[in-house]
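Trainee: Data: coords-v1.txt, compact mmCIF, C-alpha atoms.
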```
# COMPACT_ATOMS: atom_id res chain seq x y z
CA MET X 1 -20.08 20.24 35.21
CA HIS X 2 -17.99 23.33 35.76
CA LYS X 3 -18.01 25.85 32.90
CA ILE X 4 -17.05 29.51 32.63
CA GLN X 5 -19.10 31.75 30.32
CA VAL X 6 -16.61 33.54 28.05
CA PRO X 7 -17.31 35.76 24.99
CA TYR X 8 -16.92 33.68 21.82
CA ILE X 9 -15.13 34.72 18.60
CA ASP X 10 -15.04 32.66 15.40
CA GLN X 11 -11.61 32.68 13.74
CA SER X 12 -12.87 31.38 10.39
CA VAL X 13 -14.21 34.78 9.33
CA LYS X 14 -10.78 36.27 8.61
CA TYR X 15 -8.08 34.70 10.81
CA PRO X 16 -7.32 31.27 9.28
CA THR X 17 -4.18 30.84 11.40
CA GLY X 18 -5.19 33.32 14.12
CA CYS X 19 -6.34 30.83 16.77
CA GLU X 20 -3.84 32.13 19.34
CA SER X 21 -4.82 35.78 18.81
CA VAL X 22 -8.54 34.96 18.86
CA SER X 23 -8.14 32.91 22.06
CA ALA X 24 -6.17 35.75 23.65
CA VAL X 25 -8.87 38.29 22.76
CA MET X 26 -11.69 36.06 24.07
CA LEU X 27 -9.76 35.97 27.34
CA LEU X 28 -9.13 39.74 27.35
CA GLN X 29 -12.80 40.46 26.64
CA TYR X 30 -13.74 38.15 29.50
CA LEU X 31 -11.42 40.21 31.71
CA GLY X 32 -13.26 43.37 30.63
CA TYR X 33 -10.94 44.75 27.94
CA GLU X 34 -12.66 46.28 24.92
CA LEU X 35 -10.26 44.99 22.29
CA THR X 36 -10.77 43.51 18.84
CA VAL X 37 -8.74 40.71 17.30
CA ASP X 38 -7.43 43.13 14.67
CA GLU X 39 -6.26 45.55 17.37
CA PHE X 40 -4.52 42.72 19.24
CA ILE X 41 -2.71 41.55 16.09
CA HIS X 42 -1.70 45.05 14.97
CA ASP X 43 -0.79 46.53 18.36
CA TYR X 44 0.54 43.66 20.47
CA LEU X 45 1.40 40.55 18.42
CA GLU X 46 4.90 40.43 16.95
CA CYS X 47 4.88 38.73 13.55
CA ARG X 48 7.79 37.80 11.32
CA ALA X 49 7.50 36.54 7.77
CA MET X 50 8.83 33.26 6.45
CA GLU X 51 11.58 33.58 3.81
CA ILE X 52 13.15 31.39 1.15
CA ARG X 53 16.93 31.80 1.00
CA ASP X 54 19.11 29.69 -1.32
CA GLY X 55 16.24 27.24 -1.70
CA HIS X 56 15.83 26.80 2.07
CA LEU X 57 12.87 27.88 4.20
CA TYR X 58 13.78 30.33 6.96
CA GLY X 59 11.44 31.54 9.67
CA PRO X 60 11.21 32.97 13.18
CA ASP X 61 11.24 31.15 16.50
CA PRO X 62 7.56 30.68 17.49
CA ASN X 63 8.57 31.08 21.13
CA LYS X 64 9.22 34.73 20.25
CA PHE X 65 7.17 35.63 17.16
CA PHE X 66 4.10 34.66 15.18
CA CYS X 67 5.44 32.74 12.17
CA GLY X 68 3.85 34.52 9.22
CA SER X 69 0.51 36.36 9.55
CA PRO X 70 -2.72 35.31 11.30
CA TYR X 71 -4.57 36.52 8.18
CA ASP X 72 -2.70 34.06 5.93
CA ALA X 73 -3.92 30.45 5.63
CA ASP X 74 -0.39 29.26 4.79
CA SER X 75 1.13 30.70 7.97
CA PHE X 76 1.89 28.81 11.17
CA GLY X 77 1.34 30.24 14.64
CA ILE X 78 2.95 31.29 17.90
CA TYR X 79 3.88 29.36 21.04
CA ALA X 80 3.06 30.08 24.68
CA ARG X 81 6.07 32.26 25.50
CA GLY X 82 5.51 34.45 22.45
CA LEU X 83 1.79 34.88 23.17
CA GLN X 84 2.61 35.54 26.82
CA LYS X 85 4.63 38.60 25.68
CA ALA X 86 1.75 39.89 23.54
CA LEU X 87 -0.81 39.42 26.33
CA THR X 88 1.50 41.14 28.81
CA ARG X 89 1.78 44.11 26.46
CA ALA X 90 -2.01 44.21 26.11
CA ALA X 91 -2.96 43.82 29.78
CA GLY X 92 0.19 43.70 31.87
CA GLU X 93 -0.80 46.57 34.15
CA GLN X 94 -3.44 44.51 35.91
CA TYR X 95 -2.70 40.86 35.14
CA LEU X 96 0.16 38.40 35.21
CA PHE X 97 0.24 35.84 32.41
CA ILE X 98 1.96 32.69 33.63
CA ASP X 99 3.64 30.14 31.39
CA GLU X 100 2.12 26.87 32.59
CA THR X 101 3.72 24.72 29.89
CA GLY X 102 4.11 21.19 31.23
CA THR X 103 1.67 21.69 34.12
CA ALA X 104 -0.80 18.81 34.52
CA ILE X 105 -4.31 19.63 33.33
CA SER X 106 -5.70 18.61 36.73
CA ILE X 107 -3.60 21.36 38.31
CA LEU X 108 -4.72 23.90 35.68
CA LEU X 109 -8.33 23.08 36.60
CA GLU X 110 -7.69 23.68 40.31
CA ARG X 111 -5.50 26.72 39.84
CA TYR X 112 -7.62 28.52 37.25
CA ILE X 113 -10.89 26.97 36.05
CA ASP X 114 -12.16 26.35 39.61
CA GLN X 115 -11.31 30.00 40.37
CA GLY X 116 -13.36 31.26 37.41
CA MET X 117 -10.38 31.96 35.15
CA PRO X 118 -10.02 30.45 31.64
CA VAL X 119 -6.70 29.01 30.43
CA VAL X 120 -5.07 29.59 27.03
CA PHE X 121 -4.44 26.03 25.86
CA TRP X 122 -2.57 24.42 22.97
CA ALA X 123 -3.60 21.12 21.38
CA CYS X 124 -4.46 20.05 17.81
CA ILE X 125 -7.14 21.18 15.34
CA ASN X 126 -10.31 19.11 15.92
CA MET X 127 -8.09 16.89 18.12
CA ARG X 128 -6.55 15.38 14.98
CA GLU X 129 -3.24 13.59 15.29
CA GLU X 130 -0.18 15.81 15.23
CA ILE X 131 2.14 15.73 12.20
CA ARG X 132 5.87 16.42 12.49
CA GLY X 133 7.05 19.13 10.11
CA PRO X 134 7.63 21.21 8.16
CA GLU X 135 11.11 22.24 9.23
CA TRP X 136 12.79 25.59 8.74
CA ARG X 137 15.98 27.34 9.71
CA LEU X 138 15.62 29.98 12.40
CA LEU X 139 16.21 33.51 11.07
CA ASP X 140 18.28 34.53 14.10
CA THR X 141 20.49 31.47 14.59
CA GLY X 142 20.27 29.26 11.49
CA GLU X 143 19.33 26.29 13.71
CA THR X 144 16.84 23.80 12.31
CA PHE X 145 13.39 24.03 13.87
CA CYS X 146 10.60 21.45 13.45
CA TRP X 147 6.99 22.68 13.55
CA ILE X 148 4.35 20.23 14.80
CA SER X 149 1.47 20.58 12.33
CA ASN X 150 -2.22 20.64 13.28
CA GLU X 151 -1.17 23.02 16.08
CA HIS X 152 -4.18 24.79 17.58
CA CYS X 153 -4.90 27.16 20.44
CA MET X 154 -8.19 27.42 22.33
CA LEU X 155 -9.53 28.67 25.62
CA LEU X 156 -10.08 25.97 28.24
CA VAL X 157 -13.30 27.00 30.01
CA GLY X 158 -14.60 23.94 31.83
CA TYR X 159 -14.78 20.22 32.50
CA ASP X 160 -16.97 17.38 33.70
CA GLU X 161 -16.37 13.68 34.33
CA GLU X 162 -15.88 12.82 30.65
CA LYS X 163 -14.66 15.91 28.84
CA TYR X 164 -12.75 19.16 28.86
CA TYR X 165 -14.66 22.11 27.37
CA PHE X 166 -13.21 24.83 25.20
CA ASN X 167 -14.13 28.04 23.48
CA ASP X 168 -12.77 26.64 20.21
CA PRO X 169 -12.46 29.37 17.56
CA TYR X 170 -11.95 26.91 14.69
CA GLU X 171 -14.79 26.77 12.11
CA ASN X 172 -17.18 28.47 14.54
CA HIS X 173 -17.21 25.45 16.88
CA GLY X 174 -18.40 27.57 19.82
CA VAL X 175 -18.14 25.83 23.18
CA ILE X 176 -17.17 22.23 22.51
CA GLY X 177 -16.26 19.26 24.69
CA TYR X 178 -13.52 16.79 23.78
CA PRO X 179 -12.79 13.48 25.58
CA LYS X 180 -10.23 13.94 28.35
CA ALA X 181 -7.74 11.26 27.30
CA LEU X 182 -7.69 12.55 23.71
CA VAL X 183 -7.16 16.16 24.83
CA GLU X 184 -4.30 15.06 27.09
CA LYS X 185 -2.57 13.30 24.16
CA ARG X 186 -2.94 16.23 21.74
CA HIS X 187 -1.92 18.74 24.41
CA ALA X 188 1.23 16.71 25.11
CA ALA X 189 1.98 16.62 21.37
CA GLN X 190 2.14 20.44 21.45
CA TYR X 191 4.60 20.41 24.37
CA GLY X 192 1.82 20.78 26.96
CA MET X 193 1.72 24.52 26.32
CA ALA X 194 -0.69 26.63 28.36
CA LEU X 195 -0.95 30.15 29.81
CA GLY X 196 -2.59 30.92 33.13
CA ILE X 197 -3.74 34.33 34.36
CA ARG X 198 -3.64 35.94 37.76
CA ALA X 199 -4.63 39.44 38.85
CA LYS X 200 -1.69 41.47 40.11
CA GLN X 201 -1.86 42.39 43.76
CA GLN X 202 -2.89 46.02 44.10
CA LYS X 203 -0.40 48.06 46.08
```
Rewrite the structure from the file as structure tokens, please.
Mentor:
Amino acid sequence: MHKIQVPYIDQSVKYPTGCESVSAVMLLQYLGYELTVDEFIHDYLECRAMEIRDGHLYGPDPNKFFCGSPYDADSFGIYARGLQKALTRAAGEQYLFIDETGTAISILLERYIDQGMPVVFWACINMREEIRGPEWRLLDTGETFCWISNEHCMLLVGYDEEKYYFNDPYENHGVIGYPKALVEKRHAAQYGMALGIRAKQQK
């Protein structure tokens, strides 16, 4: 069993779709930053609202913006590249946030967990099956975008023979283990998105 002790925050209090922001702040607090989830959302996270135009749903690209508001249960979320920007704004002086989307979990364990560093990790709520849709047109380009529902973000903090362990902010789950094969499927369903962290070399 290899597990990192990381401060835990429950998203269900007031951030129904704020799993990415809550996971980011758990990580930042672990790194020693005194930052609240509200401060992270207000000061560093870029959000754009969904819009109805001519009967069609329009929304932002989640690779760039949070789609809606983390305080709104009907909103969506943000993908790794968008959260990477917010984390860099919050802590970029000292740390590099690395887009590890598509990197095998075994490599994430070696590269980060074994070095005492949690990983921001996308999978599905309660490891439920992913659902394709809804779709919307991107505000900037008009292209059709398909959201993969049940999207969820957690902090990968450990593993053993059977399971991967997460600080899972959903419904106050705390530190929870999910079977490895199931995690790998749900992670792949969300494009294998993950963010790693490395301290910048001091000059």
Trainee: From the options X:Ala194, X:Val13, X:Ile98, X:Ala49, which residue's atoms come nearest to Met154 (chain X), counting only C-alpha atoms?
Mentor: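 The answer is X:Ala194, which sits nearest to Met154 (chain X).
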Trainee: Mind running region 21-70 of chain X against region 149-152 of chain X at 12 Å and telling me each contacting residue's nearest atom pair with the distance in Å (one decimal), counting all atoms listed in the file, chain and number ascending, as CSV?
Mentor:
```
residue,atom,partner,partner_atom,distance
X:Ser21,CA,X:His152,CA,11.1
X:Val22,CA,X:His152,CA,11.1
X:Ser23,CA,X:His152,CA,10.1
X:Pro62,CA,X:Glu151,CA,11.7
```
Trainee: Per residue of region 68-150 of chain X within 12 Å of region 168-172 of chain X, which atom pair is closest and at what distance in Å (one decimal), using all atoms listed in the file, listed by chain and increasing number, as a tab-separated table?
Mentor:
```
residue	atom	partner	partner_atom	distance
X:Val120	CA	X:Asp168	CA	10.7
X:Phe121	CA	X:Asp168	CA	10.1
X:Trp122	CA	X:Asp168	CA	10.8
X:Ala123	CA	X:Asp168	CA	10.8
X:Cys124	CA	X:Tyr170	CA	10.6
X:Ile125	CA	X:Tyr170	CA	7.5
X:Asn126	CA	X:Tyr170	CA	8.1
X:Met127	CA	X:Asp168	CA	11.0
X:Asn150	CA	X:Tyr170	CA	11.7
```
Trainee: Leaving out Glu46 (chain X) and any residue of its chain fewer than 6 positions from it, which residues lie within 9 Å of it when counting only C-alpha atoms, given as a PyMOL selection string?
Mentor: chain X and resi 64-66+82-83+85-86
Trainee: Output the selection as a PDB file, in the frame of the given file - C-alpha atoms for each residue.
Mentor:
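Everything below was put into part31.pdb:
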```
ATOM      1  CA  LYS X  64       9.220  34.730  20.250  1.00  0.00           C
ATOM      2  CA  PHE X  65       7.170  35.630  17.160  1.00  0.00           C
ATOM      3  CA  PHE X  66       4.100  34.660  15.180  1.00  0.00           C
ATOM      4  CA  GLY X  82       5.510  34.450  22.450  1.00  0.00           C
ATOM      5  CA  LEU X  83       1.790  34.880  23.170  1.00  0.00           C
ATOM      6  CA  LYS X  85       4.630  38.600  25.680  1.00  0.00           C
ATOM      7  CA  ALA X  86       1.750  39.890  23.540  1.00  0.00           C
TER       8      ALA X  86
END
```
Trainee: Please provide the set of residues having any atom within 8 Å of Met117 (chain X), restricted to only C-alpha atoms, with same-chain residues fewer than 3 positions apart removed, written as a PDB file with C-alpha atoms, keeping the file's coordinate frame.
Mentor:
```pdb
ATOM      1  CA  ILE X   4     -17.050  29.510  32.630  1.00  0.00           C
ATOM      2  CA  TYR X 112      -7.620  28.520  37.250  1.00  0.00           C
ATOM      3  CA  ILE X 113     -10.890  26.970  36.050  1.00  0.00           C
ATOM      4  CA  ASP X 114     -12.160  26.350  39.610  1.00  0.00           C
ATOM      5  CA  VAL X 157     -13.300  27.000  30.010  1.00  0.00           C
ATOM      6  CA  ILE X 197      -3.740  34.330  34.360  1.00  0.00           C
TER       7      ILE X 197
END
```
Trainee: Can you tell me, as a VMD selection string, what residues are no more than 10 Å from Trp136 (chain X) when counting only C-alpha atoms, ignoring any on the same chain fewer than 2 positions away?
Mentor: chain X and resid 50 to 52 56 to 61 133 to 134 138 to 139 142 to 147
Trainee: How would the residues just chosen look if you wrote them out with C-alpha atoms as a JSON list (two decimals), in the coordinates of the input?
Mentor:
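What ended up in selection-v9.json:
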```json
[["chain", "number", "residue", "atom", "x", "y", "z"],
["X", 50, "MET", "CA", 8.83, 33.26, 6.45],
["X", 51, "GLU", "CA", 11.58, 33.58, 3.81],
["X", 52, "ILE", "CA", 13.15, 31.39, 1.15],
["X", 56, "HIS", "CA", 15.83, 26.80, 2.07],
["X", 57, "LEU", "CA", 12.87, 27.88, 4.20],
["X", 58, "TYR", "CA", 13.78, 30.33, 6.96],
["X", 59, "GLY", "CA", 11.44, 31.54, 9.67],
["X", 60, "PRO", "CA", 11.21, 32.97, 13.18],
["X", 61, "ASP", "CA", 11.24, 31.15, 16.50],
["X", 133, "GLY", "CA", 7.05, 19.13, 10.11],
["X", 134, "PRO", "CA", 7.63, 21.21, 8.16],
["X", 138, "LEU", "CA", 15.62, 29.98, 12.40],
["X", 139, "LEU", "CA", 16.21, 33.51, 11.07],
["X", 142, "GLY", "CA", 20.27, 29.26, 11.49],
["X", 143, "GLU", "CA", 19.33, 26.29, 13.71],
["X", 144, "THR", "CA", 16.84, 23.80, 12.31],
["X", 145, "PHE", "CA", 13.39, 24.03, 13.87],
["X", 146, "CYS", "CA", 10.60, 21.45, 13.45],
["X", 147, "TRP", "CA", 6.99, 22.68, 13.55]]
```
Trainee: Atoms are missing here; could region 42-76 of chain X be completed with N, CA and C atoms and written as a PDB file, keeping the file's coordinate frame?
Mentor:
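The result, written out as part.pdb:
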```
ATOM      1  N   HIS X  42      -2.472  43.893  15.439  1.00  0.00           N
ATOM      2  CA  HIS X  42      -1.700  45.050  14.970  1.00  0.00           C
ATOM      3  C   HIS X  42      -0.875  45.706  16.069  1.00  0.00           C
ATOM      4  N   ASP X  43      -1.428  45.745  17.292  1.00  0.00           N
ATOM      5  CA  ASP X  43      -0.790  46.530  18.360  1.00  0.00           C
ATOM      6  C   ASP X  43       0.102  45.721  19.293  1.00  0.00           C
ATOM      7  N   TYR X  44      -0.153  44.422  19.419  1.00  0.00           N
ATOM      8  CA  TYR X  44       0.540  43.660  20.470  1.00  0.00           C
ATOM      9  C   TYR X  44       1.266  42.407  19.988  1.00  0.00           C
ATOM     10  N   LEU X  45       0.802  41.801  18.896  1.00  0.00           N
ATOM     11  CA  LEU X  45       1.400  40.550  18.420  1.00  0.00           C
ATOM     12  C   LEU X  45       2.595  40.858  17.527  1.00  0.00           C
ATOM     13  N   GLU X  46       3.732  40.253  17.821  1.00  0.00           N
ATOM     14  CA  GLU X  46       4.900  40.430  16.950  1.00  0.00           C
ATOM     15  C   GLU X  46       4.939  39.314  15.920  1.00  0.00           C
ATOM     16  N   CYS X  47       4.864  39.705  14.650  1.00  0.00           N
ATOM     17  CA  CYS X  47       4.880  38.730  13.550  1.00  0.00           C
ATOM     18  C   CYS X  47       6.165  38.882  12.750  1.00  0.00           C
ATOM     19  N   ARG X  48       6.670  37.773  12.256  1.00  0.00           N
ATOM     20  CA  ARG X  48       7.790  37.800  11.320  1.00  0.00           C
ATOM     21  C   ARG X  48       7.488  36.860  10.162  1.00  0.00           C
ATOM     22  N   ALA X  49       7.812  37.310   8.968  1.00  0.00           N
ATOM     23  CA  ALA X  49       7.500  36.540   7.770  1.00  0.00           C
ATOM     24  C   ALA X  49       8.460  35.371   7.596  1.00  0.00           C
ATOM     25  N   MET X  50       7.987  34.356   6.898  1.00  0.00           N
ATOM     26  CA  MET X  50       8.830  33.260   6.450  1.00  0.00           C
ATOM     27  C   MET X  50       9.589  33.726   5.204  1.00  0.00           C
ATOM     28  N   GLU X  51      10.773  33.178   4.970  1.00  0.00           N
ATOM     29  CA  GLU X  51      11.580  33.580   3.810  1.00  0.00           C
ATOM     30  C   GLU X  51      12.197  32.343   3.159  1.00  0.00           C
ATOM     31  N   ILE X  52      12.365  32.419   1.849  1.00  0.00           N
ATOM     32  CA  ILE X  52      13.150  31.390   1.150  1.00  0.00           C
ATOM     33  C   ILE X  52      14.516  32.006   0.841  1.00  0.00           C
ATOM     34  N   ARG X  53      15.557  31.344   1.292  1.00  0.00           N
ATOM     35  CA  ARG X  53      16.930  31.800   1.000  1.00  0.00           C
ATOM     36  C   ARG X  53      17.712  30.606   0.467  1.00  0.00           C
ATOM     37  N   ASP X  54      18.314  30.765  -0.708  1.00  0.00           N
ATOM     38  CA  ASP X  54      19.110  29.690  -1.320  1.00  0.00           C
ATOM     39  C   ASP X  54      18.344  28.365  -1.345  1.00  0.00           C
ATOM     40  N   GLY X  55      17.050  28.447  -1.608  1.00  0.00           N
ATOM     41  CA  GLY X  55      16.240  27.240  -1.700  1.00  0.00           C
ATOM     42  C   GLY X  55      15.823  26.646  -0.374  1.00  0.00           C
ATOM     43  N   HIS X  56      16.190  27.294   0.734  1.00  0.00           N
ATOM     44  CA  HIS X  56      15.830  26.800   2.070  1.00  0.00           C
ATOM     45  C   HIS X  56      14.791  27.714   2.705  1.00  0.00           C
ATOM     46  N   LEU X  57      13.876  27.112   3.460  1.00  0.00           N
ATOM     47  CA  LEU X  57      12.870  27.880   4.200  1.00  0.00           C
ATOM     48  C   LEU X  57      13.479  28.395   5.508  1.00  0.00           C
ATOM     49  N   TYR X  58      13.358  29.697   5.713  1.00  0.00           N
ATOM     50  CA  TYR X  58      13.780  30.330   6.960  1.00  0.00           C
ATOM     51  C   TYR X  58      12.559  30.954   7.629  1.00  0.00           C
ATOM     52  N   GLY X  59      12.564  30.940   8.946  1.00  0.00           N
ATOM     53  CA  GLY X  59      11.440  31.540   9.670  1.00  0.00           C
ATOM     54  C   GLY X  59      11.833  31.890  11.083  1.00  0.00           C
ATOM     55  N   PRO X  60      10.924  32.568  11.804  1.00  0.00           N
ATOM     56  CA  PRO X  60      11.210  32.970  13.180  1.00  0.00           C
ATOM     57  C   PRO X  60      11.043  31.822  14.159  1.00  0.00           C
ATOM     58  N   ASP X  61      11.457  32.072  15.384  1.00  0.00           N
ATOM     59  CA  ASP X  61      11.240  31.150  16.500  1.00  0.00           C
ATOM     60  C   ASP X  61       9.831  31.425  17.047  1.00  0.00           C
ATOM     61  N   PRO X  62       8.921  30.435  17.013  1.00  0.00           N
ATOM     62  CA  PRO X  62       7.560  30.680  17.490  1.00  0.00           C
ATOM     63  C   PRO X  62       7.461  30.937  18.994  1.00  0.00           C
ATOM     64  N   ASN X  63       8.546  30.696  19.716  1.00  0.00           N
ATOM     65  CA  ASN X  63       8.570  31.080  21.130  1.00  0.00           C
ATOM     66  C   ASN X  63       8.705  32.593  21.300  1.00  0.00           C
ATOM     67  N   LYS X  64       9.024  33.278  20.182  1.00  0.00           N
ATOM     68  CA  LYS X  64       9.220  34.730  20.250  1.00  0.00           C
ATOM     69  C   LYS X  64       8.258  35.493  19.342  1.00  0.00           C
ATOM     70  N   PHE X  65       7.948  34.918  18.181  1.00  0.00           N
ATOM     71  CA  PHE X  65       7.170  35.630  17.160  1.00  0.00           C
ATOM     72  C   PHE X  65       6.081  34.738  16.586  1.00  0.00           C
ATOM     73  N   PHE X  66       5.045  35.392  16.018  1.00  0.00           N
ATOM     74  CA  PHE X  66       4.100  34.660  15.180  1.00  0.00           C
ATOM     75  C   PHE X  66       4.797  34.395  13.851  1.00  0.00           C
ATOM     76  N   CYS X  67       4.744  33.153  13.390  1.00  0.00           N
ATOM     77  CA  CYS X  67       5.440  32.740  12.170  1.00  0.00           C
ATOM     78  C   CYS X  67       4.536  32.973  10.970  1.00  0.00           C
ATOM     79  N   GLY X  68       4.695  34.144  10.334  1.00  0.00           N
ATOM     80  CA  GLY X  68       3.850  34.520   9.220  1.00  0.00           C
ATOM     81  C   GLY X  68       2.848  35.576   9.641  1.00  0.00           C
ATOM     82  N   SER X  69       1.587  35.416   9.214  1.00  0.00           N
ATOM     83  CA  SER X  69       0.510  36.360   9.550  1.00  0.00           C
ATOM     84  C   SER X  69      -0.759  35.586   9.879  1.00  0.00           C
ATOM     85  N   PRO X  70      -1.471  35.984  10.947  1.00  0.00           N
ATOM     86  CA  PRO X  70      -2.720  35.310  11.300  1.00  0.00           C
ATOM     87  C   PRO X  70      -3.795  35.404  10.207  1.00  0.00           C
ATOM     88  N   TYR X  71      -3.598  36.340   9.265  1.00  0.00           N
ATOM     89  CA  TYR X  71      -4.570  36.520   8.180  1.00  0.00           C
ATOM     90  C   TYR X  71      -4.281  35.584   6.992  1.00  0.00           C
ATOM     91  N   ASP X  72      -3.177  34.862   7.057  1.00  0.00           N
ATOM     92  CA  ASP X  72      -2.700  34.060   5.930  1.00  0.00           C
ATOM     93  C   ASP X  72      -2.874  32.566   6.242  1.00  0.00           C
ATOM     94  N   ALA X  73      -3.640  31.885   5.394  1.00  0.00           N
ATOM     95  CA  ALA X  73      -3.920  30.450   5.630  1.00  0.00           C
ATOM     96  C   ALA X  73      -2.674  29.582   5.561  1.00  0.00           C
ATOM     97  N   ASP X  74      -1.615  30.053   4.903  1.00  0.00           N
ATOM     98  CA  ASP X  74      -0.390  29.260   4.790  1.00  0.00           C
ATOM     99  C   ASP X  74       0.613  29.546   5.902  1.00  0.00           C
ATOM    100  N   SER X  75       0.231  30.383   6.861  1.00  0.00           N
ATOM    101  CA  SER X  75       1.130  30.700   7.970  1.00  0.00           C
ATOM    102  C   SER X  75       1.029  29.634   9.063  1.00  0.00           C
ATOM    103  N   PHE X  76       1.773  29.840  10.138  1.00  0.00           N
ATOM    104  CA  PHE X  76       1.890  28.810  11.170  1.00  0.00           C
ATOM    105  C   PHE X  76       1.222  29.237  12.470  1.00  0.00           C
TER     106      PHE X  76
END
```
